[in-house]
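Engineer: File work-v2.json below, JSON, C-alpha atoms:
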[["chain", "number", "residue", "atom", "x", "y", "z"],
["B", 278, "MET", "CA", -95.02, -116.19, 22.59],
["B", 279, "SER", "CA", -95.03, -118.58, 19.64],
["B", 280, "PHE", "CA", -96.72, -121.94, 19.42],
["B", 281, "ARG", "CA", -95.68, -124.81, 17.23],
["B", 282, "LYS", "CA", -98.21, -125.73, 14.63],
["B", 283, "ALA", "CA", -99.71, -129.18, 14.93],
["B", 284, "ASP", "CA", -98.26, -131.79, 12.60],
["B", 285, "PRO", "CA", -100.72, -131.95, 9.66],
["B", 286, "LYS", "CA", -99.99, -135.65, 9.12],
["B", 287, "LEU", "CA", -100.74, -136.41, 12.78],
["B", 288, "ALA", "CA", -103.93, -134.33, 12.67],
["B", 289, "ALA", "CA", -105.08, -136.13, 9.51],
["B", 290, "SER", "CA", -104.33, -139.49, 11.14],
["B", 291, "VAL", "CA", -106.35, -138.57, 14.22],
["B", 292, "ARG", "CA", -109.30, -137.44, 12.08],
["B", 293, "THR", "CA", -109.20, -140.67, 10.09],
["B", 294, "ARG", "CA", -109.13, -142.78, 13.23],
["B", 295, "LEU", "CA", -112.05, -140.87, 14.75],
["B", 296, "ILE", "CA", -114.12, -141.20, 11.58],
["B", 297, "SER", "CA", -113.34, -144.92, 11.44],
["B", 298, "LEU", "CA", -114.36, -145.35, 15.08],
["B", 299, "GLY", "CA", -117.54, -143.37, 14.45],
["B", 300, "LEU", "CA", -118.44, -145.62, 11.52],
["B", 301, "LEU", "CA", -117.85, -148.70, 13.68],
["B", 302, "ILE", "CA", -120.18, -147.40, 16.39],
["B", 303, "LEU", "CA", -122.75, -146.35, 13.77],
["B", 304, "GLY", "CA", -122.68, -149.82, 12.20],
["B", 305, "TRP", "CA", -123.02, -151.45, 15.62],
["B", 306, "SER", "CA", -126.00, -149.21, 16.42],
["B", 307, "ALA", "CA", -127.68, -149.97, 13.11],
["B", 308, "PHE", "CA", -127.18, -153.71, 13.48],
["B", 309, "ALA", "CA", -128.46, -153.67, 17.08],
["B", 310, "ALA", "CA", -131.53, -151.67, 15.99],
["B", 311, "ALA", "CA", -132.23, -154.05, 13.11],
["B", 312, "LEU", "CA", -131.85, -157.09, 15.37],
["B", 313, "ALA", "CA", -134.09, -155.48, 18.04],
["B", 314, "ASP", "CA", -132.97, -157.96, 20.69],
["B", 315, "PRO", "CA", -130.98, -156.32, 23.52],
["B", 316, "GLN", "CA", -130.27, -159.70, 25.11],
["B", 317, "THR", "CA", -128.42, -160.79, 21.97],
["B", 318, "LEU", "CA", -126.79, -157.50, 20.94],
["B", 319, "PRO", "CA", -127.28, -154.41, 23.14],
["B", 320, "SER", "CA", -126.79, -150.99, 21.60],
["B", 321, "PRO", "CA", -123.72, -148.80, 22.27],
["B", 322, "LEU", "CA", -125.93, -146.50, 24.38],
["B", 323, "GLU", "CA", -126.93, -149.41, 26.61],
["B", 324, "ILE", "CA", -123.29, -150.49, 27.01],
["B", 325, "GLY", "CA", -122.37, -146.90, 27.82],
["B", 326, "ARG", "CA", -125.06, -146.74, 30.50],
["B", 327, "LEU", "CA", -123.95, -150.02, 32.06],
["B", 328, "THR", "CA", -120.31, -148.95, 31.99],
["B", 329, "PHE", "CA", -121.14, -145.70, 33.78],
["B", 330, "ASN", "CA", -123.12, -147.58, 36.42],
["B", 331, "GLU", "CA", -120.30, -150.08, 36.96],
["B", 332, "LEU", "CA", -117.75, -147.27, 37.22],
["B", 333, "THR", "CA", -119.73, -145.21, 39.70],
["B", 334, "GLY", "CA", -121.43, -147.87, 41.80],
["B", 335, "GLY", "CA", -120.02, -151.22, 40.73],
["B", 336, "PRO", "CA", -116.74, -153.14, 40.94],
["B", 337, "LEU", "CA", -115.46, -152.26, 37.46],
["B", 338, "LEU", "CA", -112.50, -150.14, 38.61],
["B", 339, "PHE", "CA", -111.40, -152.83, 41.06],
["B", 340, "HIS", "CA", -111.41, -155.58, 38.44],
["B", 341, "LEU", "CA", -109.73, -153.34, 35.86],
["B", 342, "SER", "CA", -106.92, -152.53, 38.31],
["B", 343, "VAL", "CA", -106.42, -156.20, 39.22],
["B", 344, "THR", "CA", -106.17, -157.26, 35.57],
["B", 345, "LEU", "CA", -103.90, -154.33, 34.73],
["B", 346, "GLY", "CA", -101.59, -155.32, 37.59],
["B", 347, "ARG", "CA", -101.31, -158.87, 36.23],
["B", 348, "VAL", "CA", -100.66, -157.54, 32.74],
["B", 349, "LEU", "CA", -97.88, -155.27, 34.03],
["B", 350, "ALA", "CA", -96.22, -158.02, 36.10],
["B", 351, "ALA", "CA", -96.26, -160.54, 33.25],
["B", 352, "PHE", "CA", -95.11, -157.87, 30.78],
["B", 353, "ILE", "CA", -92.06, -156.87, 32.85],
["B", 354, "LEU", "CA", -91.10, -160.50, 33.46],
["B", 355, "ALA", "CA", -91.45, -161.49, 29.81],
["B", 356, "MET", "CA", -89.59, -158.45, 28.47],
["B", 357, "ALA", "CA", -86.69, -158.91, 30.89],
["B", 358, "ILE", "CA", -86.17, -162.63, 30.24],
["B", 359, "GLY", "CA", -86.89, -162.40, 26.51],
["B", 360, "THR", "CA", -84.42, -159.53, 26.06],
["B", 361, "VAL", "CA", -81.61, -161.47, 27.77],
["B", 362, "PHE", "CA", -82.19, -164.60, 25.69],
["B", 363, "GLY", "CA", -82.64, -162.57, 22.49],
["B", 364, "LEU", "CA", -79.34, -160.76, 22.97],
["B", 365, "LEU", "CA", -77.49, -163.98, 23.74],
["B", 366, "MET", "CA", -78.95, -165.76, 20.71],
["B", 367, "GLY", "CA", -78.42, -162.82, 18.39],
["B", 368, "ARG", "CA", -74.84, -162.13, 19.41],
["B", 369, "LYS", "CA", -73.52, -165.59, 20.28],
["B", 370, "LYS", "CA", -73.86, -168.29, 17.62],
["B", 371, "PRO", "CA", -73.43, -171.26, 20.02],
["B", 372, "PHE", "CA", -76.30, -169.98, 22.17],
["B", 373, "ASP", "CA", -78.47, -169.59, 19.09],
["B", 374, "THR", "CA", -77.71, -173.13, 17.92],
["B", 375, "TRP", "CA", -78.46, -174.67, 21.31],
["B", 376, "LEU", "CA", -81.55, -172.64, 22.18],
["B", 377, "ASP", "CA", -83.26, -172.41, 18.78],
["B", 378, "PRO", "CA", -85.10, -175.78, 19.14],
["B", 379, "TRP", "CA", -86.34, -174.68, 22.57],
["B", 380, "LEU", "CA", -87.51, -171.38, 21.08],
["B", 381, "LEU", "CA", -89.41, -173.13, 18.29],
["B", 382, "PHE", "CA", -91.02, -175.48, 20.81],
["B", 383, "PHE", "CA", -92.32, -172.69, 23.06],
["B", 384, "LEU", "CA", -93.40, -170.58, 20.08],
["B", 385, "ASN", "CA", -95.69, -173.41, 19.00],
["B", 386, "LEU", "CA", -96.89, -174.39, 22.47],
["B", 387, "PRO", "CA", -100.59, -173.39, 22.73],
["B", 388, "ALA", "CA", -101.33, -170.76, 25.37],
["B", 389, "LEU", "CA", -104.20, -172.82, 26.76],
["B", 390, "VAL", "CA", -101.88, -175.78, 27.42],
["B", 391, "THR", "CA", -99.39, -173.54, 29.23],
["B", 392, "ILE", "CA", -102.13, -172.05, 31.42],
["B", 393, "VAL", "CA", -103.62, -175.42, 32.34],
["B", 394, "LEU", "CA", -100.21, -176.96, 33.12],
["B", 395, "CYS", "CA", -99.17, -174.01, 35.29],
["B", 396, "TYR", "CA", -102.40, -174.27, 37.26],
["B", 397, "LEU", "CA", -101.95, -178.03, 37.65],
["B", 398, "TRP", "CA", -98.28, -177.83, 38.65],
["B", 399, "ILE", "CA", -98.23, -174.63, 40.71],
["B", 400, "GLY", "CA", -101.84, -174.32, 41.79],
["B", 401, "LEU", "CA", -104.58, -171.73, 41.33],
["B", 402, "THR", "CA", -102.33, -168.88, 42.47],
["B", 403, "GLU", "CA", -101.12, -165.50, 41.25],
["B", 404, "VAL", "CA", -97.67, -166.98, 40.64],
["B", 405, "ALA", "CA", -99.15, -169.61, 38.33],
["B", 406, "ALA", "CA", -101.25, -167.03, 36.48],
["B", 407, "ILE", "CA", -98.39, -164.60, 35.85],
["B", 408, "THR", "CA", -95.94, -167.40, 35.01],
["B", 409, "ALA", "CA", -98.31, -168.85, 32.42],
["B", 410, "VAL", "CA", -98.75, -165.48, 30.72],
["B", 411, "ALA", "CA", -95.01, -164.71, 30.75],
["B", 412, "ILE", "CA", -94.10, -168.12, 29.29],
["B", 413, "ASN", "CA", -96.39, -167.43, 26.35],
["B", 414, "LYS", "CA", -94.82, -164.03, 25.69],
["B", 415, "ILE", "CA", -91.09, -164.72, 26.26],
["B", 416, "PRO", "CA", -90.53, -166.57, 22.93],
["B", 417, "MET", "CA", -91.96, -163.69, 20.89],
["B", 418, "VAL", "CA", -89.78, -161.14, 22.67],
["B", 419, "THR", "CA", -86.76, -163.40, 22.18],
["B", 420, "VAL", "CA", -87.36, -163.66, 18.43],
["B", 421, "LEU", "CA", -87.69, -159.89, 17.93],
["B", 422, "ILE", "CA", -84.69, -159.03, 20.11],
["B", 423, "ARG", "CA", -82.60, -161.73, 18.42],
["B", 424, "GLU", "CA", -83.38, -160.25, 15.00],
["B", 425, "GLY", "CA", -82.45, -156.83, 16.32],
["B", 426, "ALA", "CA", -79.14, -158.09, 17.71],
["B", 427, "ARG", "CA", -78.31, -159.68, 14.37],
["B", 428, "THR", "CA", -78.63, -156.31, 12.61],
["B", 429, "PHE", "CA", -76.07, -154.55, 14.80],
["B", 430, "ASP", "CA", -73.53, -152.55, 12.79],
["B", 431, "PRO", "CA", -70.18, -154.41, 13.10],
["B", 432, "SER", "CA", -68.25, -151.19, 12.42],
["B", 433, "LEU", "CA", -69.55, -149.78, 15.70],
["B", 434, "ASP", "CA", -68.25, -152.86, 17.51],
["B", 435, "ASP", "CA", -64.86, -152.40, 15.86],
["B", 436, "MET", "CA", -64.80, -148.73, 16.83],
["B", 437, "SER", "CA", -65.60, -149.54, 20.46],
["B", 438, "ARG", "CA", -62.73, -152.03, 20.59],
["B", 439, "ILE", "CA", -60.28, -149.64, 18.95],
["B", 440, "PHE", "CA", -61.10, -146.86, 21.41],
["B", 441, "ARG", "CA", -61.28, -149.32, 24.32],
["B", 442, "VAL", "CA", -64.77, -148.28, 25.30],
["B", 443, "THR", "CA", -65.94, -149.76, 28.60],
["B", 444, "ARG", "CA", -68.67, -152.37, 28.55],
["B", 445, "LEU", "CA", -71.15, -150.10, 30.29],
["B", 446, "THR", "CA", -70.53, -147.22, 27.88],
["B", 447, "ARG", "CA", -70.70, -149.57, 24.93],
["B", 448, "PHE", "CA", -74.02, -150.97, 26.17],
["B", 449, "ARG", "CA", -75.53, -147.51, 26.77],
["B", 450, "HIS", "CA", -74.38, -145.78, 23.59],
["B", 451, "ILE", "CA", -74.02, -148.58, 21.03],
["B", 452, "VAL", "CA", -76.19, -151.55, 22.01],
["B", 453, "VAL", "CA", -79.25, -149.78, 23.45],
["B", 454, "PRO", "CA", -79.82, -147.29, 20.56],
["B", 455, "GLN", "CA", -79.62, -150.07, 17.96],
["B", 456, "LEU", "CA", -81.85, -152.36, 19.98],
["B", 457, "ALA", "CA", -84.44, -149.73, 20.96],
["B", 458, "PRO", "CA", -86.71, -150.04, 17.86],
["B", 459, "PHE", "CA", -86.89, -153.81, 18.25],
["B", 460, "PHE", "CA", -87.48, -153.53, 21.99],
["B", 461, "ALA", "CA", -90.29, -151.05, 21.38],
["B", 462, "ALA", "CA", -91.84, -153.27, 18.70],
["B", 463, "SER", "CA", -91.71, -156.30, 21.00],
["B", 464, "ALA", "CA", -93.29, -154.23, 23.77],
["B", 465, "ARG", "CA", -96.18, -153.16, 21.54],
["B", 466, "THR", "CA", -96.89, -156.66, 20.24],
["B", 467, "GLY", "CA", -96.30, -158.07, 23.69],
["B", 468, "ILE", "CA", -98.80, -155.92, 25.52],
["B", 469, "ALA", "CA", -101.46, -156.77, 22.93],
["B", 470, "LEU", "CA", -100.83, -160.50, 23.39],
["B", 471, "ILE", "CA", -100.38, -160.47, 27.15],
["B", 472, "TRP", "CA", -103.67, -158.81, 28.09],
["B", 473, "LYS", "CA", -105.63, -161.29, 25.98],
["B", 474, "ILE", "CA", -103.91, -164.24, 27.68],
["B", 475, "VAL", "CA", -104.44, -162.65, 31.10],
["B", 476, "LEU", "CA", -108.19, -162.63, 30.46],
["B", 477, "VAL", "CA", -108.06, -166.35, 29.63],
["B", 478, "VAL", "CA", -106.02, -167.01, 32.79],
["B", 479, "GLU", "CA", -108.60, -165.15, 34.87],
["B", 480, "PHE", "CA", -111.46, -166.88, 33.05],
["B", 481, "LEU", "CA", -110.07, -170.31, 33.94],
["B", 482, "GLY", "CA", -108.71, -169.94, 37.44],
["B", 483, "ARG", "CA", -108.89, -166.60, 39.23],
["B", 484, "SER", "CA", -111.52, -165.12, 41.54],
["B", 485, "ASN", "CA", -111.20, -161.51, 40.36],
["B", 486, "GLY", "CA", -110.24, -159.48, 37.33],
["B", 487, "VAL", "CA", -111.97, -158.69, 34.03],
["B", 488, "GLY", "CA", -111.65, -162.29, 32.81],
["B", 489, "PHE", "CA", -113.34, -163.57, 35.97],
["B", 490, "GLN", "CA", -116.22, -161.12, 35.49],
["B", 491, "ILE", "CA", -116.62, -162.18, 31.87],
["B", 492, "HIS", "CA", -116.76, -165.79, 33.06],
["B", 493, "LEU", "CA", -119.37, -164.87, 35.67],
["B", 494, "TYR", "CA", -121.66, -163.09, 33.20],
["B", 495, "PHE", "CA", -121.07, -165.79, 30.59],
["B", 496, "GLN", "CA", -122.60, -168.27, 33.02],
["B", 497, "LEU", "CA", -125.55, -165.90, 33.43],
["B", 498, "PHE", "CA", -125.86, -165.46, 29.63],
["B", 499, "ASP", "CA", -125.63, -161.69, 30.15],
["B", 500, "VAL", "CA", -124.23, -160.41, 26.84],
["B", 501, "ALA", "CA", -124.47, -156.76, 27.86],
["B", 502, "MET", "CA", -122.27, -157.18, 30.95],
["B", 503, "VAL", "CA", -119.78, -159.34, 29.06],
["B", 504, "LEU", "CA", -119.42, -156.53, 26.51],
["B", 505, "THR", "CA", -119.25, -153.90, 29.25],
["B", 506, "TYR", "CA", -116.25, -155.49, 30.94],
["B", 507, "ALA", "CA", -114.54, -156.53, 27.71],
["B", 508, "LEU", "CA", -114.87, -153.13, 26.03],
["B", 509, "SER", "CA", -113.85, -151.28, 29.20],
["B", 510, "PHE", "CA", -110.53, -153.09, 29.30],
["B", 511, "ILE", "CA", -110.05, -152.68, 25.56],
["B", 512, "VAL", "CA", -110.39, -148.91, 26.07],
["B", 513, "VAL", "CA", -107.74, -149.03, 28.82],
["B", 514, "MET", "CA", -105.30, -150.96, 26.62],
["B", 515, "LEU", "CA", -105.92, -148.73, 23.60],
["B", 516, "THR", "CA", -105.23, -145.69, 25.78],
["B", 517, "ILE", "CA", -101.88, -147.21, 26.80],
["B", 518, "GLU", "CA", -101.16, -148.08, 23.17],
["B", 519, "PHE", "CA", -101.83, -144.61, 21.74],
["B", 520, "THR", "CA", -100.45, -142.49, 24.59],
["B", 521, "ILE", "CA", -97.38, -144.51, 25.63],
["B", 522, "LEU", "CA", -96.34, -147.35, 23.33],
["B", 523, "GLN", "CA", -96.78, -145.81, 19.88],
["B", 524, "PRO", "CA", -95.05, -142.49, 20.78],
["B", 525, "TRP", "CA", -92.25, -144.49, 22.44],
["B", 526, "GLU", "CA", -91.79, -146.64, 19.33],
["B", 527, "ARG", "CA", -91.66, -143.55, 17.06],
["B", 528, "ARG", "CA", -89.11, -141.91, 19.37],
["B", 529, "ALA", "CA", -86.99, -145.06, 19.55],
["B", 530, "SER", "CA", -86.88, -145.29, 15.74],
["B", 531, "ARG", "CA", -86.08, -141.61, 15.05],
["B", 532, "TRP", "CA", -82.33, -142.11, 14.77],
["B", 533, "ARG", "CA", -82.82, -144.66, 11.96],
["B", 534, "ARG", "CA", -84.75, -142.08, 9.90],
["B", 535, "ALA", "CA", -82.31, -139.25, 10.59]]
As structure tokens, how would this structure be written, given the file I've shared?
Structural biologist:
Amino acid sequence: MSFRKADPKLAASVRTRLISLGLLILGWSAFAAALADPQTLPSPLEIGRLTFNELTGGPLLFHLSVTLGRVLAAFILAMAIGTVFGLLMGRKKPFDTWLDPWLLFFLNLPALVTIVLCYLWIGLTEVAAITAVAINKIPMVTVLIREGARTFDPSLDDMSRIFRVTRLTRFRHIVVPQLAPFFAASARTGIALIWKIVLVVEFLGRSNGVGFQIHLYFQLFDVAMVLTYALSFIVVMLTIEFTILQPWERRASRWRRA
């Protein structure tokens, strides 16, 4: 039985990332030791201890799952709507002309304003929270998908018309492969933006989730617990980034490098 050798470039990248992370933790530890004030900056060991306690006997897993559910719901909604508008604007000039001012308006609309207005108009509900997050992400998805649609190879469109390819086949084998790298890029940037806005949404108007817990411990001036919840969710999102989104983006872009 033969085994494939590990990609040396990938191995070197992993080593570099681990060394960089180690230096970050080392610097944090040194700064916390020099400051000698756990109430202002607790050490990584203290945060690790609190995280373990919250995982085993506290509500950390519950709040992580609630926040992750909101992130997923807003992500799916934003990607679906943004992809439709991006394709229309990238492929149909009249749509692009009509909708471009709207796109610029929502791109420059502050996230905080959107959140507050959704809570005022809809109420302090899950619908308002997810809607506010999606509205902030849709314009970015639209821009990336529109740029992807504008780069479509016209010769492939001509070929599909000559051979009378059905719309479904054309979408599956011509549109999707060309759009995949842009879709993957919008997904990666989107998930990074969405989870930050979700925390703000929870901070302002929800009764559970990581953002709510950060708000709670902010009121108690408990820096250690604020860091515990914040860093726990960062670890979750980085895990999704490195195990799902980055490999998906590399796979989606392979045909362009072939």
Engineer: Between B:Leu380, B:Ala406, B:Leu389, B:Leu295, which residue has the minimum interatomic distance to Arg483 in chain B, considering all atoms listed in the file?
Structural biologist: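 Using all atoms listed in the file, Arg483 in chain B sits closest to B:Ala406.
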Engineer: Between B:Pro378, B:Gly488, B:Pro524, B:Pro416, which has the minimum distance to Leu337 in chain B (counting all atoms listed in the file)?
Structural biologist: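 Of B:Pro378, B:Gly488, B:Pro524, B:Pro416, the one nearest Leu337 in chain B is B:Gly488, counting all atoms listed in the file.
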Engineer: For Ile302 in chain B, please output as a VMD selection string all residues within 12 Å (counting all atoms listed in the file; exclusion window: fewer than 4 positions along the same chain).
Structural biologist: chain B and resid 295 to 298 306 to 309 320 to 322 324 to 325
Engineer: Using all atoms listed in the file, which of B:Ala310, B:Ala464, B:Met356, B:Leu338 sits nearest Ser509 in chain B?
Structural biologist: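 Checking each of B:Ala310, B:Ala464, B:Met356, B:Leu338 against Ser509 in chain B, counting all atoms listed in the file, the winner is B:Leu338.
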Engineer: Would you mind listing what lies within 12 Å of Gly425 in chain B as a ChimeraX atom specification, with all atoms listed in the file counted and same-chain residues fewer than 4 positions away left out?
Structural biologist: /B:360,363-368,418-421,429-430,452-463
Engineer: Between CA of Ile392 in chain B and CA of Ala405 in chain B, what is the distance, to one decimal in Å?
Structural biologist: 7.9 Å
Engineer: Which residue, B:Ala411, B:Val343, B:Ala351, B:Val361, has the smallest gap to Phe489 in chain B when you use only C-alpha atoms?
Structural biologist: B:Val343
Engineer: So what do you get for CA of Trp379 in chain B versus CA of Ile422 in chain B, distance-wise?
Structural biologist: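 The value is 15.9 Å.
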Engineer: Pull the neighbourhood of (-100.1, -157.0, 26.9) for me: all residues within 9 Å in file coordinates, counting all atoms listed in the file, as a list of chain:residue names.
Structural biologist: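 Neighbouring residues, ordered by chain and number, come to B:Val348, B:Leu349, B:Ala351, B:Phe352, B:Lys414, B:Ala464, B:Arg465, B:Thr466, B:Gly467, B:Ile468, B:Ala469, B:Leu470, B:Ile471, B:Trp472, B:Lys473, B:Ile474, B:Val475, B:Met514.
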Engineer: From the options B:His492, B:Phe519, B:Thr344, B:Leu312, which residue's atoms come nearest to Arg294 in chain B, counting all atoms listed in the file?
Structural biologist: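 Between B:His492, B:Phe519, B:Thr344, B:Leu312, the residue approaching Arg294 in chain B most closely is B:Phe519.
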Engineer: What separation in Å, quoted to one decimal, exists between CA of Glu323 in chain B and CA of Glu518 in chain B?
Structural biologist: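 Interatomic distance here is 26.0 Å.
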Engineer: Using all atoms listed in the file, which residue out of B:Leu497, B:Leu381, B:Leu386, B:Leu341 lies closest to Ile511 in chain B?
Structural biologist: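 The answer is B:Leu341, which sits nearest to Ile511 in chain B.
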Engineer: Return range 366-375 of chain B, completed with all heavy atoms, as a PDB file, in the frame of the given file.
Structural biologist:
ATOM      1  N   MET B 366     -78.785-164.999  21.943  1.00  0.00           N
ATOM      2  CA  MET B 366     -78.950-165.760  20.710  1.00  0.00           C
ATOM      3  C   MET B 366     -78.566-164.958  19.477  1.00  0.00           C
ATOM      4  O   MET B 366     -78.087-165.514  18.480  1.00  0.00           O
ATOM      5  CB  MET B 366     -80.388-166.259  20.595  1.00  0.00           C
ATOM      6  CG  MET B 366     -80.777-167.266  21.668  1.00  0.00           C
ATOM      7  SD  MET B 366     -82.512-167.789  21.585  1.00  0.00           S
ATOM      8  CE  MET B 366     -82.459-168.812  20.104  1.00  0.00           C
ATOM      9  N   GLY B 367     -78.773-163.653  19.533  1.00  0.00           N
ATOM     10  CA  GLY B 367     -78.420-162.820  18.390  1.00  0.00           C
ATOM     11  C   GLY B 367     -76.951-162.513  18.272  1.00  0.00           C
ATOM     12  O   GLY B 367     -76.446-162.285  17.168  1.00  0.00           O
ATOM     13  N   ARG B 368     -76.259-162.519  19.409  1.00  0.00           N
ATOM     14  CA  ARG B 368     -74.840-162.130  19.410  1.00  0.00           C
ATOM     15  C   ARG B 368     -73.886-163.311  19.540  1.00  0.00           C
ATOM     16  O   ARG B 368     -72.715-163.193  19.190  1.00  0.00           O
ATOM     17  CB  ARG B 368     -74.591-161.162  20.566  1.00  0.00           C
ATOM     18  CG  ARG B 368     -75.423-159.897  20.531  1.00  0.00           C
ATOM     19  CD  ARG B 368     -74.994-158.971  19.429  1.00  0.00           C
ATOM     20  NE  ARG B 368     -73.792-158.252  19.780  1.00  0.00           N
ATOM     21  CZ  ARG B 368     -73.108-157.465  18.956  1.00  0.00           C
ATOM     22  NH1 ARG B 368     -73.511-157.349  17.699  1.00  0.00           N
ATOM     23  NH2 ARG B 368     -72.035-156.837  19.357  1.00  0.00           N
ATOM     24  N   LYS B 369     -74.382-164.435  20.052  1.00  0.00           N
ATOM     25  CA  LYS B 369     -73.520-165.590  20.280  1.00  0.00           C
ATOM     26  C   LYS B 369     -74.089-166.785  19.503  1.00  0.00           C
ATOM     27  O   LYS B 369     -75.126-167.328  19.856  1.00  0.00           O
ATOM     28  CB  LYS B 369     -73.457-165.936  21.779  1.00  0.00           C
ATOM     29  CG  LYS B 369     -73.038-164.770  22.680  1.00  0.00           C
ATOM     30  CD  LYS B 369     -71.587-164.383  22.458  1.00  0.00           C
ATOM     31  CE  LYS B 369     -71.174-163.270  23.432  1.00  0.00           C
ATOM     32  NZ  LYS B 369     -69.767-162.848  23.221  1.00  0.00           N
ATOM     33  N   LYS B 370     -73.391-167.195  18.469  1.00  0.00           N
ATOM     34  CA  LYS B 370     -73.860-168.290  17.620  1.00  0.00           C
ATOM     35  C   LYS B 370     -74.076-169.592  18.376  1.00  0.00           C
ATOM     36  O   LYS B 370     -75.083-170.283  18.139  1.00  0.00           O
ATOM     37  CB  LYS B 370     -72.862-168.486  16.473  1.00  0.00           C
ATOM     38  CG  LYS B 370     -73.314-169.523  15.448  1.00  0.00           C
ATOM     39  CD  LYS B 370     -74.594-169.111  14.751  1.00  0.00           C
ATOM     40  CE  LYS B 370     -74.984-170.131  13.688  1.00  0.00           C
ATOM     41  NZ  LYS B 370     -76.291-169.785  13.066  1.00  0.00           N
ATOM     42  N   PRO B 371     -73.182-169.999  19.284  1.00  0.00           N
ATOM     43  CA  PRO B 371     -73.430-171.260  20.020  1.00  0.00           C
ATOM     44  C   PRO B 371     -74.733-171.238  20.816  1.00  0.00           C
ATOM     45  O   PRO B 371     -75.463-172.237  20.849  1.00  0.00           O
ATOM     46  CB  PRO B 371     -72.218-171.364  20.951  1.00  0.00           C
ATOM     47  CG  PRO B 371     -71.140-170.589  20.270  1.00  0.00           C
ATOM     48  CD  PRO B 371     -71.851-169.452  19.600  1.00  0.00           C
ATOM     49  N   PHE B 372     -75.034-170.093  21.442  1.00  0.00           N
ATOM     50  CA  PHE B 372     -76.300-169.980  22.170  1.00  0.00           C
ATOM     51  C   PHE B 372     -77.485-170.141  21.214  1.00  0.00           C
ATOM     52  O   PHE B 372     -78.481-170.804  21.539  1.00  0.00           O
ATOM     53  CB  PHE B 372     -76.385-168.639  22.884  1.00  0.00           C
ATOM     54  CG  PHE B 372     -75.683-168.600  24.208  1.00  0.00           C
ATOM     55  CD1 PHE B 372     -74.426-168.021  24.323  1.00  0.00           C
ATOM     56  CD2 PHE B 372     -76.271-169.137  25.349  1.00  0.00           C
ATOM     57  CE1 PHE B 372     -73.767-167.987  25.531  1.00  0.00           C
ATOM     58  CE2 PHE B 372     -75.622-169.102  26.569  1.00  0.00           C
ATOM     59  CZ  PHE B 372     -74.362-168.527  26.666  1.00  0.00           C
ATOM     60  N   ASP B 373     -77.393-169.523  20.054  1.00  0.00           N
ATOM     61  CA  ASP B 373     -78.470-169.590  19.090  1.00  0.00           C
ATOM     62  C   ASP B 373     -78.700-171.026  18.622  1.00  0.00           C
ATOM     63  O   ASP B 373     -79.840-171.483  18.488  1.00  0.00           O
ATOM     64  CB  ASP B 373     -78.156-168.689  17.895  1.00  0.00           C
ATOM     65  CG  ASP B 373     -79.337-168.532  16.958  1.00  0.00           C
ATOM     66  OD1 ASP B 373     -80.455-168.313  17.445  1.00  0.00           O
ATOM     67  OD2 ASP B 373     -79.147-168.660  15.733  1.00  0.00           O
ATOM     68  N   THR B 374     -77.607-171.749  18.380  1.00  0.00           N
ATOM     69  CA  THR B 374     -77.710-173.130  17.920  1.00  0.00           C
ATOM     70  C   THR B 374     -78.357-174.022  18.974  1.00  0.00           C
ATOM     71  O   THR B 374     -79.225-174.851  18.672  1.00  0.00           O
ATOM     72  CB  THR B 374     -76.315-173.677  17.563  1.00  0.00           C
ATOM     73  OG1 THR B 374     -75.721-172.829  16.570  1.00  0.00           O
ATOM     74  CG2 THR B 374     -76.417-175.090  17.009  1.00  0.00           C
ATOM     75  N   TRP B 375     -77.945-173.837  20.231  1.00  0.00           N
ATOM     76  CA  TRP B 375     -78.460-174.670  21.310  1.00  0.00           C
ATOM     77  C   TRP B 375     -79.905-174.339  21.661  1.00  0.00           C
ATOM     78  O   TRP B 375     -80.711-175.221  21.942  1.00  0.00           O
ATOM     79  CB  TRP B 375     -77.588-174.515  22.559  1.00  0.00           C
ATOM     80  CG  TRP B 375     -76.384-175.394  22.547  1.00  0.00           C
ATOM     81  CD1 TRP B 375     -75.099-175.054  22.200  1.00  0.00           C
ATOM     82  CD2 TRP B 375     -76.331-176.794  22.885  1.00  0.00           C
ATOM     83  NE1 TRP B 375     -74.261-176.124  22.301  1.00  0.00           N
ATOM     84  CE2 TRP B 375     -74.989-177.220  22.723  1.00  0.00           C
ATOM     85  CE3 TRP B 375     -77.280-177.721  23.305  1.00  0.00           C
ATOM     86  CZ2 TRP B 375     -74.585-178.522  22.962  1.00  0.00           C
ATOM     87  CZ3 TRP B 375     -76.884-179.022  23.552  1.00  0.00           C
ATOM     88  CH2 TRP B 375     -75.549-179.416  23.375  1.00  0.00           C
TER      89      TRP B 375
END
